[in-house]
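Peer 1: Quick one, start-v2.pdb (PDB, C-alpha atoms and all ligand atoms):
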MODEL        1
ATOM      1  CA  MET A  20     -22.775  -0.753   3.444
ATOM      2  CA  ILE A  21     -20.129   0.804   1.187
ATOM      3  CA  LYS A  22     -21.525   2.706  -1.771
ATOM      4  CA  VAL A  23     -19.555   2.995  -4.990
ATOM      5  CA  LEU A  24     -20.461   5.143  -8.001
ATOM      6  CA  PHE A  25     -18.637   4.788 -11.324
ATOM      7  CA  VAL A  26     -18.865   7.857 -13.554
ATOM      8  CA  CYS A  27     -18.126   8.510 -17.237
ATOM      9  CA  LEU A  28     -19.556  10.907 -19.819
ATOM     10  CA  GLY A  29     -22.483   9.057 -21.379
ATOM     11  CA  ASN A  30     -23.122   6.268 -18.840
ATOM     12  CA  ILE A  31     -23.537   3.747 -21.666
ATOM     13  CA  CYS A  32     -19.970   2.445 -22.208
ATOM     14  CA  ARG A  33     -17.319   2.671 -19.486
ATOM     15  CA  SER A  34     -19.198   3.248 -16.231
ATOM     16  CA  PRO A  35     -21.962   0.630 -16.664
ATOM     17  CA  LEU A  36     -19.264  -1.887 -17.618
ATOM     18  CA  ALA A  37     -17.285  -0.898 -14.512
ATOM     19  CA  GLU A  38     -20.405  -1.351 -12.373
ATOM     20  CA  ALA A  39     -21.032  -4.798 -13.911
ATOM     21  CA  ILE A  40     -17.426  -5.935 -13.398
ATOM     22  CA  PHE A  41     -17.454  -4.681  -9.803
ATOM     23  CA  ASN A  42     -20.711  -6.513  -9.094
ATOM     24  CA  GLN A  43     -19.309  -9.716 -10.589
ATOM     25  CA  LYS A  44     -16.170  -9.495  -8.456
ATOM     26  CA  ILE A  45     -18.004  -8.897  -5.183
ATOM     27  CA  THR A  46     -20.437 -11.697  -6.003
ATOM     28  CA  ASP A  47     -17.584 -14.094  -6.785
ATOM     29  CA  ALA A  48     -15.847 -13.071  -3.559
ATOM     30  CA  GLY A  49     -18.986 -13.666  -1.486
ATOM     31  CA  ILE A  50     -19.057 -10.079  -0.185
ATOM     32  CA  LYS A  51     -21.891  -8.601  -2.235
ATOM     33  CA  SER A  52     -24.021  -7.718   0.787
ATOM     34  CA  HIS A  53     -21.406  -5.218   1.954
ATOM     35  CA  PHE A  54     -21.721  -3.012  -1.120
ATOM     36  CA  LYS A  55     -24.006  -1.046  -3.334
ATOM     37  CA  ALA A  56     -22.672  -0.161  -6.792
ATOM     38  CA  ASP A  57     -24.179   2.158  -9.386
ATOM     39  CA  SER A  58     -23.046   4.219 -12.348
ATOM     40  CA  ALA A  59     -23.906   7.596 -13.845
ATOM     41  CA  GLY A  60     -22.861  10.029 -16.552
ATOM     42  CA  THR A  61     -21.812  13.652 -16.309
ATOM     43  CA  SER A  62     -23.898  14.354 -19.436
ATOM     44  CA  ASP A  63     -27.620  14.013 -20.054
ATOM     45  CA  TYR A  64     -27.088  12.462 -23.520
ATOM     46  CA  HIS A  65     -28.329   8.942 -22.798
ATOM     47  CA  ILE A  66     -30.724   9.187 -19.871
ATOM     48  CA  GLY A  67     -32.980   6.132 -19.683
ATOM     49  CA  GLU A  68     -31.050   4.182 -22.311
ATOM     50  CA  LEU A  69     -29.588   0.707 -22.053
ATOM     51  CA  PRO A  70     -25.799   0.410 -22.358
ATOM     52  CA  ASP A  71     -24.313   0.722 -25.869
ATOM     53  CA  GLU A  72     -24.785  -2.532 -27.818
ATOM     54  CA  ARG A  73     -20.983  -2.936 -27.966
ATOM     55  CA  THR A  74     -20.874  -2.701 -24.146
ATOM     56  CA  ILE A  75     -23.589  -5.354 -23.886
ATOM     57  CA  LYS A  76     -21.737  -7.612 -26.330
ATOM     58  CA  CYS A  77     -18.450  -7.180 -24.459
ATOM     59  CA  ALA A  78     -20.105  -8.005 -21.124
ATOM     60  CA  ALA A  79     -21.795 -11.067 -22.644
ATOM     61  CA  LEU A  80     -18.476 -12.322 -24.051
ATOM     62  CA  HIS A  81     -17.068 -12.149 -20.531
ATOM     63  CA  GLU A  82     -20.223 -13.712 -19.068
ATOM     64  CA  ILE A  83     -20.960 -10.688 -16.926
ATOM     65  CA  PRO A  84     -24.579  -9.675 -16.367
ATOM     66  CA  ILE A  85     -25.224  -6.054 -17.251
ATOM     67  CA  SER A  86     -28.448  -4.193 -16.644
ATOM     68  CA  HIS A  87     -28.434  -0.461 -16.217
ATOM     69  CA  ARG A  88     -30.332   2.530 -17.515
ATOM     70  CA  GLY A  89     -28.426   5.699 -18.232
ATOM     71  CA  ARG A  90     -28.726   8.455 -15.678
ATOM     72  CA  GLN A  91     -27.003  11.734 -14.927
ATOM     73  CA  VAL A  92     -25.007  12.446 -11.784
ATOM     74  CA  ASN A  93     -27.085  14.450  -9.328
ATOM     75  CA  ARG A  94     -26.710  16.310  -6.063
ATOM     76  CA  THR A  95     -27.657  13.419  -3.804
ATOM     77  CA  ASP A  96     -24.920  11.235  -5.325
ATOM     78  CA  PHE A  97     -22.317  13.427  -3.623
ATOM     79  CA  ARG A  98     -24.077  12.894  -0.305
ATOM     80  CA  ASP A  99     -24.809   9.194  -0.669
ATOM     81  CA  PHE A 100     -21.762   7.540  -2.268
ATOM     82  CA  ASP A 101     -18.581   6.774  -0.354
ATOM     83  CA  TYR A 102     -16.480   6.322  -3.470
ATOM     84  CA  ILE A 103     -17.176   8.343  -6.621
ATOM     85  CA  ILE A 104     -14.811   7.176  -9.337
ATOM     86  CA  ALA A 105     -14.157   9.034 -12.600
ATOM     87  CA  MET A 106     -12.949   7.339 -15.758
ATOM     88  CA  ASP A 107     -10.960  10.236 -17.236
ATOM     89  CA  ASP A 108      -9.695  13.777 -16.594
ATOM     90  CA  SER A 109     -12.722  15.373 -18.151
ATOM     91  CA  ASN A 110     -15.109  13.411 -15.907
ATOM     92  CA  LEU A 111     -12.914  14.343 -12.918
ATOM     93  CA  ARG A 112     -13.003  18.056 -13.756
ATOM     94  CA  ASN A 113     -16.755  17.985 -14.248
ATOM     95  CA  LEU A 114     -17.320  16.120 -10.973
ATOM     96  CA  ASN A 115     -15.053  18.510  -9.080
ATOM     97  CA  ASN A 116     -17.054  21.447 -10.440
ATOM     98  CA  LEU A 117     -20.372  19.787  -9.664
ATOM     99  CA  LYS A 118     -19.466  18.879  -6.087
ATOM    100  CA  THR A 119     -18.840  22.540  -5.282
ATOM    101  CA  ARG A 120     -21.990  23.665  -7.071
ATOM    102  CA  PHE A 121     -23.993  21.056  -5.162
ATOM    103  CA  GLY A 122     -22.566  21.985  -1.776
ATOM    104  CA  PHE A 123     -20.030  19.195  -1.186
ATOM    105  CA  PRO A 124     -16.718  20.985  -1.833
ATOM    106  CA  GLU A 125     -14.767  18.625   0.440
ATOM    107  CA  LYS A 126     -15.885  15.432  -1.270
ATOM    108  CA  GLU A 127     -12.977  13.452  -2.680
ATOM    109  CA  ILE A 128     -13.388  12.241  -6.252
ATOM    110  CA  PHE A 129     -11.217   9.312  -7.315
ATOM    111  CA  MET A 130      -9.734   8.354 -10.689
ATOM    112  CA  MET A 131     -10.245   4.733 -11.740
ATOM    113  CA  ARG A 132      -6.688   3.983 -12.790
ATOM    114  CA  ASP A 133      -5.127   5.690  -9.767
ATOM    115  CA  PHE A 134      -5.769   2.422  -7.912
ATOM    116  CA  VAL A 135      -3.313   0.630 -10.208
ATOM    117  CA  PRO A 136       0.363   0.988  -9.314
ATOM    118  CA  GLU A 137       2.282   2.621 -12.204
ATOM    119  CA  SER A 138      -0.985   3.729 -13.877
ATOM    120  CA  GLU A 139      -1.730   6.807 -11.772
ATOM    121  CA  GLY A 140      -3.115   9.663 -13.844
ATOM    122  CA  LEU A 141      -4.043   7.476 -16.824
ATOM    123  CA  SER A 142      -7.543   7.491 -18.272
ATOM    124  CA  VAL A 143      -9.938   4.710 -19.112
ATOM    125  CA  PRO A 144     -10.168   5.823 -22.765
ATOM    126  CA  ASP A 145     -13.530   6.740 -24.256
ATOM    127  CA  PRO A 146     -14.405   3.905 -26.667
ATOM    128  CA  TYR A 147     -17.558   5.490 -28.092
ATOM    129  CA  TYR A 148     -16.210   6.689 -31.436
ATOM    130  CA  GLY A 149     -13.976   3.675 -32.045
ATOM    131  CA  GLY A 150     -14.557   0.022 -32.897
ATOM    132  CA  GLU A 151     -15.347  -3.056 -30.851
ATOM    133  CA  GLU A 152     -11.658  -3.595 -30.039
ATOM    134  CA  GLY A 153     -11.836  -0.453 -27.898
ATOM    135  CA  PHE A 154     -14.415  -2.168 -25.727
ATOM    136  CA  MET A 155     -12.157  -5.183 -25.259
ATOM    137  CA  GLU A 156      -9.394  -2.775 -24.241
ATOM    138  CA  ILE A 157     -11.540  -0.969 -21.661
ATOM    139  CA  TYR A 158     -12.681  -4.321 -20.303
ATOM    140  CA  ARG A 159      -9.063  -5.288 -19.657
ATOM    141  CA  ILE A 160      -8.270  -1.897 -18.108
ATOM    142  CA  LEU A 161     -11.383  -1.915 -15.913
ATOM    143  CA  ASP A 162     -10.932  -5.510 -14.800
ATOM    144  CA  GLU A 163      -7.419  -4.720 -13.606
ATOM    145  CA  ALA A 164      -8.290  -1.389 -11.993
ATOM    146  CA  ILE A 165     -11.376  -2.716 -10.215
ATOM    147  CA  GLY A 166      -9.375  -5.670  -8.896
ATOM    148  CA  HIS A 167      -6.937  -3.240  -7.282
ATOM    149  CA  PHE A 168      -9.713  -0.938  -6.073
ATOM    150  CA  LEU A 169     -11.571  -3.817  -4.461
ATOM    151  CA  SER A 170      -8.478  -5.153  -2.686
ATOM    152  CA  GLN A 171      -7.824  -1.683  -1.338
ATOM    153  CA  ILE A 172     -11.310  -1.072   0.011
ATOM    154  CA  GLN A 173     -11.523  -4.589   1.439
ATOM    155  CA  GLU A 174      -8.380  -3.814   3.384
ATOM    156  CA  ASN A 175      -9.497  -0.287   4.361
ATOM    157  CA  HIS A 176     -12.850  -1.518   5.629
ATOM    158  CA  GLN A 177     -11.747  -5.010   6.681
ATOM    159  CA  ILE A 178     -14.278  -6.816   4.513
ATOM    160  CA  TYR A 179     -13.569 -10.467   3.939
ATOM    161  CA  ALA A 180     -15.874 -13.394   3.163
TER     162      ALA A 180
HETATM  163  P1  LIG B   1     -19.097   6.625 -22.049
HETATM  164  O1  LIG B   1     -18.966   6.778 -23.635
HETATM  165  O2  LIG B   1     -18.825   8.001 -21.474
HETATM  166  O3  LIG B   1     -18.029   5.652 -21.700
HETATM  167  O4  LIG B   1     -20.501   6.127 -21.785
HETATM  168  C1  LIG B   1     -19.637   7.757 -24.368
HETATM  169  C2  LIG B   1     -20.966   7.581 -24.673
HETATM  170  C3  LIG B   1     -21.630   8.540 -25.415
HETATM  171  C4  LIG B   1     -20.966   9.678 -25.844
HETATM  172  C5  LIG B   1     -19.631   9.854 -25.527
HETATM  173  C6  LIG B   1     -18.965   8.902 -24.781
HETATM  174  N1  LIG B   1     -21.647  10.649 -26.639
HETATM  175  O5  LIG B   1     -21.008  11.650 -27.034
HETATM  176  O6  LIG B   1     -22.849  10.482 -26.892
ENDMDL
END
Please express the file's structure as structure tokens.
Peer 2:
Amino acid sequence: MIKVLFVCLGNICRSPLAEAIFNQKITDAGIKSHFKADSAGTSDYHIGELPDERTIKCAALHEIPISHRGRQVNRTDFRDFDYIIAMDDSNLRNLNNLKTRFGFPEKEIFMMRDFVPESEGLSVPDPYYGGEEGFMEIYRILDEAIGHFLSQIQENHQIYA
């Protein structure tokens, strides 16, 4: 079982949408049983909350089920997840600090858009303070990046339906 954790700041916009898109793709591909996906935030701002209503609307428009409650990254995440994927530089910095504090200094943290050729180093932009169009934009970015990520891990782990 390959465990994937998507991480942003609040865990109500980008990372729960990433989790939902990933789950949809593995379901469509008939390989769901090989994976466990989850999401978390570096902050404690929205613990226990449903995704932002704009995230829910965006997922519904794309006919993707979304059900998640906000939670904060914790120590056991660094032990349990094979792939921990940050949405932006700030998330990456925070995760790299946390992994050392929690006793996993060697753990590799990935950046979501590094899986996309020509997009290495780019962020999935924080849509929280913008309008609904920002959510459509992150959907497009995440859909592309997760497609590349999934192809890569399928190949790495030889997982095919
Ligand atoms: P997310 O977006 O990190 O993609 O979930 C945000 C959600 C909440 C806040 C910032 C970003 N906030 O400051 O409350």
Peer 1: Counting all atoms listed in the file, which residues of chain A fall within 12 Å of ligand LIG 1 (chain B), and what is the closest atom pair for each with its distance in Å at one decimal, ordered by chain and rising number, as a tab-separated table?
Peer 2:
residue	atom	partner	partner_atom	distance
A:Phe25	CA	B:LIG1	O3	10.4
A:Val26	CA	B:LIG1	O2	7.9
A:Cys27	CA	B:LIG1	O2	4.3
A:Leu28	CA	B:LIG1	O2	3.4
A:Gly29	CA	B:LIG1	O4	3.6
A:Asn30	CA	B:LIG1	O4	3.9
A:Ile31	CA	B:LIG1	O4	3.9
A:Cys32	CA	B:LIG1	O4	3.7
A:Arg33	CA	B:LIG1	O3	3.8
A:Ser34	CA	B:LIG1	O3	6.1
A:Pro35	CA	B:LIG1	O4	7.7
A:Leu36	CA	B:LIG1	O3	8.7
A:Ala37	CA	B:LIG1	O3	9.8
A:Glu38	CA	B:LIG1	O3	11.9
A:Ser58	CA	B:LIG1	O4	10.0
A:Ala59	CA	B:LIG1	O4	8.8
A:Gly60	CA	B:LIG1	O2	6.7
A:Thr61	CA	B:LIG1	O2	8.2
A:Ser62	CA	B:LIG1	O2	8.4
A:Asp63	CA	B:LIG1	O6	9.1
A:Tyr64	CA	B:LIG1	O6	5.8
A:His65	CA	B:LIG1	O6	7.0
A:Ile66	CA	B:LIG1	O6	10.6
A:Glu68	CA	B:LIG1	O4	10.7
A:Leu69	CA	B:LIG1	O4	10.6
A:Pro70	CA	B:LIG1	O4	7.8
A:Asp71	CA	B:LIG1	C2	7.7
A:Glu72	CA	B:LIG1	C2	11.3
A:Arg73	CA	B:LIG1	O1	10.8
A:Thr74	CA	B:LIG1	O4	9.1
A:His87	CA	B:LIG1	O4	11.7
A:Arg88	CA	B:LIG1	O4	11.3
A:Gly89	CA	B:LIG1	O4	8.7
A:Arg90	CA	B:LIG1	O4	10.5
A:Gln91	CA	B:LIG1	O4	11.0
A:Ala105	CA	B:LIG1	O2	10.1
A:Met106	CA	B:LIG1	O3	8.0
A:Asp107	CA	B:LIG1	O2	9.2
A:Asp108	CA	B:LIG1	O2	11.9
A:Ser109	CA	B:LIG1	O2	10.1
A:Asn110	CA	B:LIG1	O2	8.6
A:Ser142	CA	B:LIG1	O3	11.2
A:Val143	CA	B:LIG1	O3	8.5
A:Pro144	CA	B:LIG1	O3	7.9
A:Asp145	CA	B:LIG1	O3	5.3
A:Pro146	CA	B:LIG1	O1	6.2
A:Tyr147	CA	B:LIG1	C1	4.8
A:Tyr148	CA	B:LIG1	C5	7.5
A:Gly149	CA	B:LIG1	C6	10.2
A:Gly153	CA	B:LIG1	O3	10.7
A:Phe154	CA	B:LIG1	O3	9.5
A:Ile157	CA	B:LIG1	O3	9.3
A:Tyr158	CA	B:LIG1	O3	11.4
A:Leu161	CA	B:LIG1	O3	11.6
Peer 1: How far is it from atom CA of Cys77 of chain A to atom CA of Asn93 of chain A, in Å with one decimal?
Peer 2: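 A separation of 27.8 Å between them.
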Peer 1: One decimal, Å: what's the distance from atom CA of His176 of chain A over to atom CA of Ser138 of chain A, could you say?
Peer 2: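 Going from atom CA of His176 of chain A over to atom CA of Ser138 of chain A, I get 23.4 Å.
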Peer 1: Taking all atoms listed in the file into account, which of A:Pro136, A:Gly166, A:Met131, A:Ile103 comes nearest Asp47 of chain A?
Peer 2: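 Going through A:Pro136, A:Gly166, A:Met131, A:Ile103 one by one, the smallest distance to Asp47 of chain A is for A:Gly166.
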Peer 1: Could you check how far atom CA of Phe121 of chain A sits from atom CA of Thr95 of chain A, in Å to one decimal?
Peer 2: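 Pair atom CA of Phe121 of chain A / atom CA of Thr95 of chain A returns 8.6 Å.
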Peer 1: Which residue gives the smallest distance to Tyr102 of chain A among A:Leu24, A:Gln173, A:Ala56, A:Asn42, with all atoms listed in the file counted?
Peer 2: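 Looking only at the distances to Tyr102 of chain A, the closest residue turns out to be A:Leu24.
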Peer 1: From the set A:Glu139, A:Glu127, A:Glu82, A:Glu156, which residue has the shortest atom-to-atom contact distance to Asn115 of chain A, counting only C-alpha atoms?
Peer 2: A:Glu127
Peer 1: Please write as an mmCIF file with C-alpha atoms, in the frame of the given file the list of polymer residues whose atoms come within 10 Å of (-10.1, 15.1, -6.0), counting only C-alpha atoms and keeping to the coordinates of the file.
Peer 2:
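Wrote point_34.cif, looks like this:
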data_model
loop_
_atom_site.group_PDB
_atom_site.id
_atom_site.type_symbol
_atom_site.label_atom_id
_atom_site.label_comp_id
_atom_site.auth_asym_id
_atom_site.auth_seq_id
_atom_site.Cartn_x
_atom_site.Cartn_y
_atom_site.Cartn_z
ATOM 1 C CA ILE A 103 -17.176 8.343 -6.621
ATOM 2 C CA ILE A 104 -14.811 7.176 -9.337
ATOM 3 C CA ALA A 105 -14.157 9.034 -12.600
ATOM 4 C CA LEU A 111 -12.914 14.343 -12.918
ATOM 5 C CA ARG A 112 -13.003 18.056 -13.756
ATOM 6 C CA LEU A 114 -17.320 16.120 -10.973
ATOM 7 C CA ASN A 115 -15.053 18.510 -9.080
ATOM 8 C CA PRO A 124 -16.718 20.985 -1.833
ATOM 9 C CA GLU A 125 -14.767 18.625 0.440
ATOM 10 C CA LYS A 126 -15.885 15.432 -1.270
ATOM 11 C CA GLU A 127 -12.977 13.452 -2.680
ATOM 12 C CA ILE A 128 -13.388 12.241 -6.252
ATOM 13 C CA PHE A 129 -11.217 9.312 -7.315
ATOM 14 C CA MET A 130 -9.734 8.354 -10.689
#
Peer 1: Translate the PyMOL selection byres (((chain A and resi 52) around 12) and not hetatm), as applied to the file shown, into an explicit residue set as a ChimeraX atom specification.
Peer 2: /A:20-22,42,45-51,53-56,178-180
Peer 1: So which one's closest to Val23 of chain A, A:Arg98, A:Lys76, A:Arg120, A:His81? Using all atoms listed in the file, please.
Peer 2: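 Of A:Arg98, A:Lys76, A:Arg120, A:His81, the one nearest Val23 of chain A, counting all atoms listed in the file, is A:Arg98.
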Peer 1: Find the spatial neighbours of Phe168 of chain A, counting all atoms listed in the file, within a cut-off of 6 Å - ignore same-chain residues fewer than 3 positions away - and output them as a CSV table (one decimal) with C-alpha atoms, in the frame of the given file.
Peer 2:
chain,number,residue,atom,x,y,z
A,134,PHE,CA,-5.8,2.4,-7.9
A,165,ILE,CA,-11.4,-2.7,-10.2
A,171,GLN,CA,-7.8,-1.7,-1.3
Peer 1: Let me make sure I understand: among A:Asp99, A:Phe123, A:Asn175, A:Arg132, which one has the smallest atom-to-atom distance to Arg159 of chain A if we use only C-alpha atoms?
Peer 2: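 For Arg159 of chain A, the nearest of the candidates is A:Arg132.
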Peer 1: Which residue is closest to Gly122 of chain A? Choose from A:Asp96, A:Asp101, A:Leu141, A:Ile83 and count only C-alpha atoms.
Peer 2: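 Using only C-alpha atoms, Gly122 of chain A sits closest to A:Asp96.
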